[in-house]
$ cat structure-v3.txt   # compact mmCIF, C-alpha atoms
# COMPACT_ATOMS: atom_id res chain seq x y z
CA MET Z 1 127.73 139.11 125.04
CA VAL Z 2 125.04 141.57 126.09
CA ILE Z 3 127.39 144.51 125.69
CA TYR Z 4 127.79 143.77 121.94
CA GLY Z 5 124.09 144.46 121.38
CA VAL Z 6 124.21 147.59 123.51
CA ALA Z 7 127.38 148.69 121.68
CA ILE Z 8 125.75 148.20 118.24
CA LEU Z 9 122.78 150.26 119.43
CA ALA Z 10 125.09 152.93 120.88
CA GLY Z 11 127.22 152.99 117.72
CA CYS Z 12 124.16 153.49 115.49
CA TYR Z 13 122.88 156.13 117.93
CA LEU Z 14 126.16 158.07 117.87
CA PHE Z 15 126.46 157.84 114.07
CA GLY Z 16 122.87 159.12 113.73
CA MET Z 17 123.61 161.96 116.16
CA PHE Z 18 126.73 162.83 114.14
CA CYS Z 19 124.66 162.98 110.91
CA GLY Z 20 122.00 165.00 112.76
CA GLU Z 21 124.62 167.53 113.86
CA LEU Z 22 125.85 167.83 110.25
CA ILE Z 23 122.30 168.32 108.91
CA GLY Z 24 121.63 170.88 111.65
CA ALA Z 25 124.81 172.77 110.73
CA LEU Z 26 123.88 172.64 107.02
CA MET Z 27 120.40 174.00 107.81
CA GLY Z 28 121.90 176.70 110.01
CA ILE Z 29 120.11 175.42 113.13
CA ASP Z 30 122.21 175.10 116.28
CA SER Z 31 120.91 171.66 117.24
CA ASN Z 32 120.60 168.04 116.17
CA VAL Z 33 118.18 167.53 113.26
CA GLY Z 34 116.90 164.08 112.25
CA GLY Z 35 119.65 162.23 114.12
CA VAL Z 36 117.22 159.86 115.85
CA GLY Z 37 115.54 158.90 112.58
CA ILE Z 38 118.85 158.22 110.83
CA ALA Z 39 120.04 156.12 113.78
CA MET Z 40 116.80 154.07 113.69
CA LEU Z 41 117.02 153.32 109.96
CA LEU Z 42 120.73 152.46 110.34
CA LEU Z 43 120.01 150.08 113.26
CA ILE Z 44 117.31 148.29 111.24
CA LEU Z 45 119.72 147.75 108.34
CA VAL Z 46 122.68 146.72 110.54
CA VAL Z 47 120.66 144.27 112.69
CA ASP Z 48 118.96 142.83 109.58
CA LYS Z 49 122.37 142.19 107.96
CA LEU Z 50 123.79 140.62 111.14
CA GLN Z 51 120.73 138.40 111.66
CA LYS Z 52 120.80 137.16 108.05
CA ASN Z 53 124.48 136.26 108.37
CA GLY Z 54 123.87 134.69 111.80
CA LYS Z 55 126.47 136.98 113.31
CA ILE Z 56 124.41 138.24 116.25
CA SER Z 57 124.08 136.06 119.36
CA LYS Z 58 121.03 135.74 121.63
CA PRO Z 59 122.70 137.65 124.51
CA ALA Z 60 123.66 140.43 122.10
CA GLU Z 61 120.04 140.61 120.91
CA SER Z 62 118.86 140.79 124.53
CA GLY Z 63 121.07 143.85 124.97
CA LEU Z 64 119.02 145.49 122.20
CA ALA Z 65 115.73 144.08 123.48
CA PHE Z 66 116.35 145.53 126.96
CA TRP Z 67 116.58 149.09 125.69
CA ASN Z 68 113.66 148.44 123.35
CA ALA Z 69 111.59 147.46 126.41
CA MET Z 70 112.83 150.51 128.36
CA TYR Z 71 111.19 152.80 125.80
CA ILE Z 72 107.81 153.14 127.54
CA PRO Z 73 109.31 153.67 131.05
CA ILE Z 74 111.59 156.39 129.68
CA VAL Z 75 108.66 158.02 127.87
CA ILE Z 76 106.80 158.01 131.22
CA ALA Z 77 109.80 159.67 132.89
CA MET Z 78 109.81 162.19 130.04
CA ALA Z 79 106.08 162.85 130.51
CA SER Z 80 106.66 163.37 134.25
CA SER Z 81 109.22 166.10 133.58
CA GLN Z 82 107.21 168.14 131.08
CA ASN Z 83 105.63 171.51 131.68
CA VAL Z 84 102.07 170.17 131.87
CA LEU Z 85 100.92 173.14 133.96
CA GLY Z 86 101.91 175.44 131.10
CA ALA Z 87 100.36 173.15 128.49
CA LEU Z 88 96.93 173.27 130.11
CA THR Z 89 96.46 176.85 128.92
CA GLY Z 90 96.53 175.35 125.41
CA GLY Z 91 94.71 172.17 126.50
CA PRO Z 92 91.80 172.18 124.04
CA LEU Z 93 94.27 172.39 121.14
CA ALA Z 94 95.94 169.11 122.11
CA ILE Z 95 92.62 167.32 122.53
CA ILE Z 96 90.92 168.67 119.40
CA ALA Z 97 93.99 168.20 117.17
CA GLY Z 98 94.49 164.66 118.53
CA ILE Z 99 90.86 163.68 117.85
CA ALA Z 100 90.81 165.32 114.40
CA VAL Z 101 93.97 163.58 113.21
CA VAL Z 102 92.61 160.16 114.19
CA LEU Z 103 89.22 160.69 112.52
CA ILE Z 104 90.79 161.94 109.29
CA SER Z 105 93.36 159.10 109.26
CA TRP Z 106 90.59 156.52 109.77
CA LEU Z 107 88.78 157.86 106.71
CA CYS Z 108 91.95 157.38 104.64
CA VAL Z 109 92.50 153.69 105.54
CA PRO Z 110 90.00 152.25 102.98
CA LEU Z 111 91.26 154.69 100.34
CA LEU Z 112 94.84 153.46 100.71
CA SER Z 113 94.27 149.74 101.27
CA GLY Z 114 91.92 149.60 98.26
CA LYS Z 115 88.97 147.40 97.38
CA ASN Z 116 91.13 144.36 96.73
CA ALA Z 117 92.59 144.29 100.21
CA LYS Z 118 90.53 141.22 101.11
CA GLU Z 119 92.29 139.27 98.36
CA SER Z 120 95.64 140.41 99.71
CA ALA Z 121 98.51 138.26 98.49
CA ILE Z 122 100.03 138.43 101.95
CA GLU Z 123 99.00 135.40 103.99
CA PHE Z 124 98.32 135.41 107.68
CA ASN Z 125 101.25 133.95 109.55
CA LYS Z 126 100.31 132.83 113.05
CA ASN Z 127 103.94 132.13 113.94
CA HIS Z 128 105.09 135.65 113.23
CA PRO Z 129 107.08 136.94 116.22
CA ALA Z 130 105.09 139.88 117.47
CA GLY Z 131 107.95 140.88 119.75
CA GLU Z 132 107.67 143.27 122.64
CA VAL Z 133 104.44 145.24 122.40
CA ASN Z 134 105.02 148.83 123.40
CA MET I 1 115.77 159.64 159.70
CA TRP I 2 114.01 161.81 157.13
CA GLU I 3 117.36 163.46 156.27
CA ALA I 4 118.90 160.03 155.64
CA ILE I 5 116.06 159.02 153.28
CA LYS I 6 116.24 162.37 151.51
CA THR I 7 120.02 162.12 151.02
CA ALA I 8 119.79 158.52 149.80
CA LEU I 9 117.17 159.45 147.20
CA GLU I 10 118.72 162.74 146.09
CA SER I 11 122.29 161.50 145.69
CA ASN I 12 121.08 158.49 143.63
CA GLY I 13 118.71 160.38 141.37
CA LEU I 14 118.68 158.10 138.33
CA ILE I 15 118.07 155.00 140.47
CA THR I 16 115.25 156.84 142.28
CA GLY I 17 113.82 157.55 138.82
CA PHE I 18 113.73 153.81 138.01
CA VAL I 19 111.75 153.15 141.21
CA ILE I 20 109.28 155.99 140.62
CA VAL I 21 108.62 154.93 137.01
CA GLY I 22 108.34 151.28 138.09
CA ILE I 23 105.74 152.12 140.73
CA THR I 24 103.87 154.38 138.28
CA MET I 25 103.74 151.56 135.70
CA TYR I 26 102.60 149.04 138.30
CA VAL I 27 99.73 151.28 139.34
CA ALA I 28 98.91 152.01 135.68
CA TYR I 29 98.73 148.33 134.71
CA LEU I 30 96.64 147.65 137.81
CA ILE I 31 94.17 150.35 136.70
CA SER I 32 94.30 149.00 133.12
CA ASN I 33 93.51 145.42 134.18
CA LYS I 34 91.06 146.03 137.03
CA LEU I 35 89.21 149.20 136.09
CA THR I 36 89.22 149.09 132.27
CA LYS I 37 89.56 145.29 131.93
CA GLY I 38 92.55 145.81 129.63
CA LEU I 39 90.54 148.02 127.24
CA ILE I 40 92.94 150.93 127.67
CA HIS I 41 96.57 149.84 127.42
CA GLY I 42 98.58 150.12 130.65
CA SER I 43 101.32 152.14 128.95
CA ALA I 44 98.81 154.82 127.93
CA ILE I 45 97.50 155.07 131.50
CA ALA I 46 101.09 155.22 132.80
CA ILE I 47 101.86 158.16 130.51
CA VAL I 48 98.70 159.93 131.68
CA LEU I 49 99.79 159.32 135.29
CA GLY I 50 103.23 160.73 134.39
CA LEU I 51 101.62 163.88 132.97
CA VAL I 52 99.42 164.17 136.11
CA LEU I 53 102.55 163.88 138.32
CA ALA I 54 104.23 166.53 136.15
CA TYR I 55 101.20 168.78 136.65
CA PHE I 56 101.39 168.51 140.45
CA GLY I 57 105.18 168.89 140.29
CA GLY I 58 104.64 172.13 138.38
CA VAL I 59 102.01 173.37 140.86
CA TYR I 60 104.26 172.51 143.83
CA SER I 61 107.55 173.93 142.52
CA GLY I 62 106.40 176.58 140.09
CA GLY I 63 109.08 175.37 137.66
CA THR I 64 108.87 174.19 134.06
CA LYS I 65 110.22 170.64 134.39
CA GLY I 66 107.27 169.03 136.17
CA LEU I 67 108.17 166.46 138.81
CA ALA I 68 111.89 166.89 138.01
CA ASP I 69 111.87 170.37 139.59
CA ILE I 70 111.34 168.80 143.02
CA SER I 71 114.89 168.00 144.17
CA LEU I 72 113.82 164.64 145.58
CA PHE I 73 112.70 163.55 142.08
CA ALA I 74 115.35 165.34 139.99
CA GLY I 75 116.65 162.00 138.68
CA ILE I 76 113.44 161.44 136.73
CA GLY I 77 114.43 164.45 134.64
CA PHE I 78 117.69 162.69 133.75
CA LEU I 79 115.95 159.39 132.96
CA GLY I 80 113.41 161.21 130.80
CA GLY I 81 116.02 163.58 129.37
CA SER I 82 117.08 163.68 125.75
CA MET I 83 119.96 161.18 125.96
CA PHE I 84 118.05 158.23 127.41
CA ARG I 85 114.91 159.15 125.50
CA ASP I 86 116.60 159.19 122.09
CA PHE I 87 118.64 156.06 122.90
CA ALA I 88 115.49 154.07 123.78
CA ILE I 89 113.64 155.38 120.72
CA VAL I 90 116.44 154.14 118.48
CA ALA I 91 116.21 150.76 120.27
CA THR I 92 112.51 150.43 119.36
CA SER I 93 113.49 149.94 115.74
CA PHE I 94 115.04 146.62 116.81
CA GLY I 95 112.55 143.99 115.71
CA ALA I 96 111.48 145.76 112.54
CA ASN I 97 112.53 143.63 109.59
CA PHE I 98 113.39 145.33 106.33
CA ASP I 99 111.97 142.40 104.33
CA GLU I 100 108.60 142.76 106.08
CA ILE I 101 108.13 146.30 104.88
CA LYS I 102 109.12 145.24 101.37
CA LYS I 103 106.22 142.76 101.46
CA ALA I 104 103.81 145.61 102.21
CA GLY I 105 104.83 146.98 98.84
CA ILE I 106 104.12 150.42 97.51
CA ARG I 107 100.91 150.79 99.55
CA GLY I 108 102.64 150.20 102.86
CA VAL I 109 105.45 152.62 102.07
CA SER I 110 103.17 155.29 100.64
CA SER I 111 100.85 155.00 103.65
CA LEU I 112 103.88 155.82 105.84
CA PHE I 113 104.67 159.01 103.93
CA ILE I 114 100.99 159.98 103.59
CA GLY I 115 100.38 159.20 107.27
CA VAL I 116 103.24 161.39 108.51
CA ALA I 117 102.43 164.27 106.14
CA LEU I 118 98.66 164.11 106.76
CA SER I 119 99.04 164.06 110.56
CA PHE I 120 101.54 166.91 110.41
CA VAL I 121 99.22 169.04 108.25
CA VAL I 122 96.16 168.39 110.47
CA GLY I 123 98.15 169.33 113.60
CA ALA I 124 99.61 172.41 111.90
CA ILE I 125 96.14 173.60 110.81
CA PHE I 126 94.79 173.31 114.37
CA ALA I 127 97.89 175.08 115.74
CA LEU I 128 97.09 177.96 113.37
CA ILE I 129 93.41 177.98 114.36
CA PHE I 130 94.48 178.25 118.01
CA GLY I 131 96.60 181.29 117.28
CA TYR I 132 100.17 180.00 116.89
CA THR I 133 101.86 181.93 114.10
CA ASP I 134 105.56 181.03 114.38
CA ALA I 135 106.83 178.18 112.22
CA VAL I 136 108.66 176.47 115.11
CA SER I 137 105.51 176.11 117.27
CA ILE I 138 103.32 175.13 114.28
CA ALA I 139 105.81 172.46 113.19
CA THR I 140 106.22 171.10 116.74
CA ILE I 141 102.45 170.77 117.29
CA GLY I 142 102.11 169.26 113.80
CA ALA I 143 104.87 166.78 114.73
CA GLY I 144 103.03 166.02 118.00
CA THR I 145 99.97 164.85 116.07
CA VAL I 146 102.37 162.54 114.17
CA THR I 147 103.30 160.81 117.47
CA TYR I 148 104.10 161.90 121.01
CA ILE I 149 107.73 160.97 120.28
CA VAL I 150 108.12 162.95 117.06
CA GLY I 151 106.68 166.06 118.79
CA PRO I 152 109.37 166.41 121.49
CA VAL I 153 112.16 165.29 119.13
CA THR I 154 111.11 167.97 116.62
CA GLY I 155 110.55 170.53 119.37
CA ALA I 156 114.01 169.89 120.84
CA ALA I 157 115.63 170.14 117.40
CA LEU I 158 113.89 173.44 116.66
CA ASN I 159 114.27 174.91 120.20
CA ALA I 160 110.50 175.12 120.77
CA SER I 161 109.22 176.22 124.19
CA SER I 162 108.47 173.62 126.86
CA GLU I 163 104.74 174.52 126.76
CA VAL I 164 104.54 173.85 123.03
CA ILE I 165 106.43 170.57 123.47
CA ALA I 166 104.00 169.57 126.24
CA ILE I 167 101.02 170.37 123.96
CA SER I 168 102.60 168.27 121.19
CA ILE I 169 103.05 165.34 123.58
CA ALA I 170 99.47 165.72 124.83
CA ALA I 171 98.12 165.77 121.25
CA GLY I 172 100.10 162.63 120.42
CA LEU I 173 98.81 161.02 123.61
CA VAL I 174 95.19 161.80 122.73
CA LYS I 175 95.84 160.21 119.32
CA SER I 176 97.45 157.12 120.87
CA VAL I 177 94.65 156.54 123.40
CA LEU I 178 91.91 157.11 120.79
CA VAL I 179 93.52 154.67 118.33
CA MET I 180 93.91 152.11 121.10
CA VAL I 181 90.31 152.37 122.29
CA GLY I 182 88.62 153.09 118.95
CA THR I 183 90.28 150.55 116.62
CA PRO I 184 88.06 147.53 117.54
CA PHE I 185 84.92 149.62 116.98
CA ILE I 186 85.97 151.19 113.67
CA ALA I 187 87.69 148.06 112.23
CA LYS I 188 84.76 146.62 110.26
CA PHE I 189 83.86 150.00 108.74
CA ILE I 190 87.33 150.55 107.29
CA GLY I 191 88.02 146.94 106.16
CA LEU I 192 90.59 146.27 108.85
CA ASN I 193 90.52 142.47 108.67
CA ASN I 194 93.56 141.45 106.62
CA PRO I 195 97.35 141.88 106.65
CA LEU I 196 97.51 144.49 103.88
CA SER I 197 95.02 146.86 105.49
CA ALA I 198 96.75 146.30 108.86
CA MET I 199 100.05 147.43 107.33
CA VAL I 200 98.33 150.46 105.81
CA TYR I 201 96.73 151.12 109.21
CA GLY I 202 100.10 150.99 110.98
CA GLY I 203 101.55 153.34 108.37
CA LEU I 204 98.70 155.86 108.55
CA MET I 205 98.24 155.93 112.34
CA GLY I 206 101.85 155.34 113.31
CA THR I 207 101.52 155.41 117.08
CA THR I 208 103.09 152.05 118.00
CA SER I 209 101.35 151.67 121.35
CA GLY I 210 98.01 152.75 119.85
CA VAL I 211 98.23 150.54 116.77
CA THR I 212 99.50 147.41 118.53
CA GLY I 213 97.04 147.85 121.42
CA GLY I 214 94.14 148.57 119.08
CA LEU I 215 94.90 145.72 116.68
CA ALA I 216 95.34 143.26 119.56
CA ALA I 217 91.82 144.11 120.68
CA THR I 218 90.54 143.65 117.09
CA ASP I 219 92.32 140.48 115.89
CA VAL I 220 95.61 139.49 117.46
CA ARG I 221 96.87 138.10 114.11
CA LEU I 222 96.89 141.64 112.69
CA VAL I 223 99.31 142.96 115.33
CA PRO I 224 102.68 142.19 113.70
CA TYR I 225 101.55 143.60 110.35
CA GLY I 226 100.41 146.86 111.88
CA ALA I 227 103.47 147.03 114.13
CA VAL I 228 105.98 146.54 111.33
CA THR I 229 104.87 149.68 109.50
CA ALA I 230 104.15 151.62 112.70
CA THR I 231 107.74 150.95 113.84
CA PHE I 232 109.02 152.82 110.79
CA TYR I 233 106.59 155.68 111.27
CA THR I 234 108.28 157.33 114.24
CA GLY I 235 111.67 157.06 112.52
CA LEU I 236 110.29 158.60 109.36
CA GLY I 237 108.55 161.29 111.40
CA CYS I 238 111.76 162.09 113.30
CA LEU I 239 113.53 162.32 109.95
CA LEU I 240 110.93 164.41 108.06
CA CYS I 241 109.35 166.70 110.67
CA PRO I 242 112.39 168.73 111.81
CA THR I 243 113.79 168.82 108.26
CA LEU I 244 111.60 168.79 105.12
CA LEU I 245 108.23 169.45 106.78
CA PHE I 246 109.67 172.24 108.96
CA ILE I 247 111.31 173.88 105.95
CA LEU I 248 107.98 173.79 104.06
CA THR I 249 106.19 175.22 107.12
CA ASP I 250 108.84 177.92 107.46
CA MET I 251 108.44 178.86 103.78
CA ILE I 252 104.67 179.37 104.20
CA TRP I 253 104.90 181.29 107.50
$ encode --input "structure-v3.txt" --output "C-alpha cells"
Amino acid sequence: MVIYGVAILAGCYLFGMFCGELIGALMGIDSNVGGVGIAMLLLILVVDKLQKNGKISKPAESGLAFWNAMYIPIVIAMASSQNVLGALTGGPLAIIAGIAVVLISWLCVPLLSGKNAKESAIEFNKNHPAGEVN
Amino acid sequence: MWEAIKTALESNGLITGFVIVGITMYVAYLISNKLTKGLIHGSAIAIVLGLVLAYFGGVYSGGTKGLADISLFAGIGFLGGSMFRDFAIVATSFGANFDEIKKAGIRGVSSLFIGVALSFVVGAIFALIFGYTDAVSIATIGAGTVTYIVGPVTGAALNASSEVIAISIAAGLVKSVLVMVGTPFIAKFIGLNNPLSAMVYGGLMGTTSGVTGGLAATDVRLVPYGAVTATFYTGLGCLLCPTLLFILTDMIW
C-alpha cells in the first residue's frame, strides 16, 4: 500500500527530527540541528534493508517516489517565499561565492579521481536505474 | 465574482500553492526546451522564476516572505515551509543505494567530505570578504555554497536572518546552474569520462540537479554514478554544516 512507503518516510523523518532536537538541546541551540541529515541516512539504510529482504512492495515504493519527485516543486515554493528583495543588497556575494566554489571544485576533481581513473575497476552499467532526475 | 475567486483561493491555500508551482514549472520547462534547447535544466529555471516571483512579492507587499506575504498566495509559504521542505528532502535519499557508495570506495567517500568542507570554506571566506562577521551568517552562507538546500536548513537551525538565508539559496543556485551548464565544457579537461571520476564529481559538486543535469549533457551513462554520491552530499551537508562546521566557525569568530 502507498501509505506504507509514506509512513516509512514519515517515521524516518520524525526519528531524525527527534535526534535533531536532542543534538540542538545538547549544543544549547533552541532549534533542530542535523535532523534532516540523520533522517536521510536512516531512510537509506531502512529502504536498503527492506529492498534486500523483498519486504517493500511497488505501491509502497511509489509512496516514497512521489515525495522524492515533489522535492523540486517544494524547493520552488520555498524560493518563492524567500526575502529576495532583501538578498539583492548582498547580491554580488551570492554570485561571486557561487562561481568561486564551482571553479575551485572543478580544479579538485582530477586531484581526487587520480591518474588511474581511466582504468577504473568500476564498469559502466547501461542498465543502471537512473531514477528520477531532480 | 472576484470575491468568490479570492475566497476560493485564500481558503484553500495549500492547493492554490500546488497550482502556482505547477504553472511555474510548466513555464520553466517550456523556456528550458524552447529557448535554451534543454541546455539549462527546467528545474533551475523554475527556481529562478520562483525567486523572481518572490522579488515582486516583496516589492508589492513590503514583507519578508516574498510571494507568501500576498494573502492570495499565502499557501505557497506553507508548501515551501520547513515541514514540507524537510520531508521532501528526506525523500530524495530514496533511490540512493548503500552498496553503490561502497563501490566508489575511499575516493568517493573522501570526495564527499572534502566537497562539503571545501564548499563551506570557500563560501565562508567570501562571506567574510563581504563584511559578515557573525558566525551564524558566515556558516549559513558557507552552507549555501554547499547546496541551496543545506543553506536554508543550516540557516533555520541557527536562526539566521531571512536575508542571509536568501543569499545562501542564491549562492547555491548560482553553483547549481553553473555546474549544469559548465560540466559538458569542462569534462575533458578534468578527466570526467569514467564512473570513478563521475562519483568523485558528484561528491565534490554535490548539487543533485546540477550534477545530474550536467552529466546527462556530457555522457548519459555517467549520470547514475554522479547522482549516487551527490544524493549523499546534501544529507552530509545537513549533518555537518549546522553542527561540526558551525562549531569550528564559531570557535574562530
$ residues_around --input "structure-v3.txt" --residues "Leu93 (chain Z)" --least-positions-apart "4" --cutoff "7 Å" --atoms "all atoms listed in the file" --output "VMD selection string"
(chain Z and resid 97) or (chain I and resid 126 130)
$ write_last_selection --input "structure-v3.txt" --atoms "C-alpha atoms" --output "mmCIF file, in the frame of the given file"
data_model
loop_
_atom_site.group_PDB
_atom_site.id
_atom_site.type_symbol
_atom_site.label_atom_id
_atom_site.label_comp_id
_atom_site.auth_asym_id
_atom_site.auth_seq_id
_atom_site.Cartn_x
_atom_site.Cartn_y
_atom_site.Cartn_z
ATOM 1 C CA ALA Z 97 93.990 168.200 117.170
ATOM 2 C CA PHE I 126 94.790 173.310 114.370
ATOM 3 C CA PHE I 130 94.480 178.250 118.010
#
$ atom_distance --input "structure-v3.txt" --atom1 "CA of Pro92 (chain Z)" --atom2 "CA of Val211 (chain I)"
23.7 Å
$ closest_residue --input "structure-v3.txt" --among "Z:Met17, Z:Ile56, Z:Leu42, Z:Ala79" --to "Leu67 (chain I)" --atoms "all atoms listed in the file"
Z:Ala79
$ residues_near_point --input "structure-v3.txt" --point "(113.6, 172.2, 120.9)" --cutoff "10 Å" --atoms "all atoms listed in the file" --output "list of chain:residue names"
Z:Ser31, Z:Asn32, I:Val136, I:Ser137, I:Thr140, I:Gly151, I:Pro152, I:Val153, I:Thr154, I:Gly155, I:Ala156, I:Ala157, I:Leu158, I:Asn159, I:Ala160, I:Ser161, I:Ser162, I:Val164, I:Ile165, I:Pro242
$ axis_aligned_box --input "structure-v3.txt" --around "region 47-50 of chain I" --padding-each-side "8 Å" --output "JSON"
{"center_x": 101.0, "center_y": 159.4, "center_z": 132.9, "size_x": 20.5, "size_y": 18.6, "size_z": 20.8}
$ closest_residue --input "structure-v3.txt" --among "I:Val116, I:Ala227, I:Val90, I:Leu128" --to "chain Z" --atoms "all atoms listed in the file"
I:Val90
$ residues_around --input "structure-v3.txt" --residues "Ala44 (chain I)" --least-positions-apart "2" --cutoff "10 Å" --atoms "only C-alpha atoms" --output "ChimeraX atom specification"
/Z:72,76,134 /I:25,28-29,32,40-42,46-50,173-174,176-177,180,209-210,213
$ atom_distance --input "structure-v3.txt" --atom1 "CA of Asp86 (chain I)" --atom2 "CA of Val47 (chain Z)"
18.1 Å
$ closest_residue --input "structure-v3.txt" --among "I:Thr234, I:Asn12, I:Ser197, I:Thr249" --to "Leu112 (chain Z)" --atoms "all atoms listed in the file"
I:Ser197
$ atom_distance --input "structure-v3.txt" --atom1 "CA of Val102 (chain Z)" --atom2 "CA of Asn68 (chain Z)"
25.8 Å
$ closest_residue --input "structure-v3.txt" --among "I:Thr16, I:Gly123, I:Trp253, I:Ala135" --to "Leu79 (chain I)" --atoms "all atoms listed in the file"
I:Thr16
$ closest_residue --input "structure-v3.txt" --among "I:Ser93, I:Ser71, I:Thr133, I:Thr36" --to "Val36 (chain Z)" --atoms "all atoms listed in the file"
I:Ser93
$ residues_near_point --input "structure-v3.txt" --point "(100.2, 165.3, 130.6)" --cutoff "10 Å" --atoms "all atoms listed in the file" --output "number ranges by chain"
Z: 76, 79-85, 87-88, 91; I: 47-55, 66, 166-167, 169-171, 173-174
